[in-house]
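Step one of this worksheet: look at the structure below.
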Amino acid sequence: MIFRHLICIPLALLPTVVLLSGCGNEQQRPADLPALYPCTVTVLQDGKPLSGGMVQFGSVDTNFKWSVFAQLDTEGKGKVFTQGLYPGAPEGEYKVMLSKTETVTEEVGPPVRQNVNEQMVMVTPTVDTIFSLVEKQYTKAETTPLSITIGKKKNDHQFDGGKPVREFLLKATP
């Protein structure tokens, strides 16, 4: 199966995409956007909410062009949006991917003078270490055991997101 939507965006960056996609003026609904059906999701890990996580739906239809996802609240619940703007999801079959990351910032040297906006300031060099708080199998369409069918019926679903983990993803300099 080929999953083409948002798979190329690392799930660690998805919260930024979600926040930015909802900013600005309200956009007019695209003419080719299919009917959307309300959907809410709840995700638990070992019976506890996946607080602040993300849920992404990857359509099994290779011609599907919409991004469908939900930001989870502190109770692990989220309302599903298409394109980050339109409540609900188009009818269809989806693989369900989960993500949640933690970033730890470490100082890696003494403060140095640096030109910032034409002013000399003292800056402490740092490195960010990013960890995934979701088991790797749940983060990719090809490996997730989770799926959902969206239709005209009630679309409230609860998912088991496996056990809590803290796996290294990458180190980055801000």
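Ordering of the structure tokens sets the chain letters (A, B, ...); residue numbers start at 1 within each chain; ligands are numbered from 1 in the order shown.
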Selection: 12 Å around Pro110 in chain A, only C-alpha atoms, excl. self and same-chain fewer than 6 positions, as a VMD selection string | chain A and resid 122 to 126
Pick out each residue of range 62-144 of chain A that DSSP on the backbone tags as strand (DSSP E); I need them as a ChimeraX atom specification.
-> /A:68-71,77-79,81-82,86-87,89-90,92-99,101-107,112-116,119-123,126-132
Neighbours of Gly76 in chain A within 12 Å (only C-alpha atoms; same-chain residues fewer than 3 positions away dropped), as a ChimeraX atom specification?
-> /A:40-45,47-55,70-73,79,98-100,157-161
For Pro38 in chain A, the closest of A:Val112, A:Val68, A:Ala172, A:Val104 counting only C-alpha atoms is A:Val68
From the list A:Val116, A:Pro90, A:Glu167, A:Pro174, the nearest residue to Gly151 in chain A using only C-alpha atoms is A:Pro90
Have a look at CA of Tyr86 in chain A and CA of Lys140 in chain A and let me know their distance in Å, one decimal.
->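 It comes out at 23.8 Å.
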To one decimal place, how far is CA of Lys153 in chain A from CA of Pro87 in chain A in Å?
->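 CA of Lys153 in chain A sits 15.6 Å away from CA of Pro87 in chain A.
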Skipping near chain neighbours, those fewer than 5 positions away, what residues fall within 9 Å of Ser67 in chain A using only C-alpha atoms, listed as a ChimeraX atom specification?
-> /A:5-6,56-59,81-84
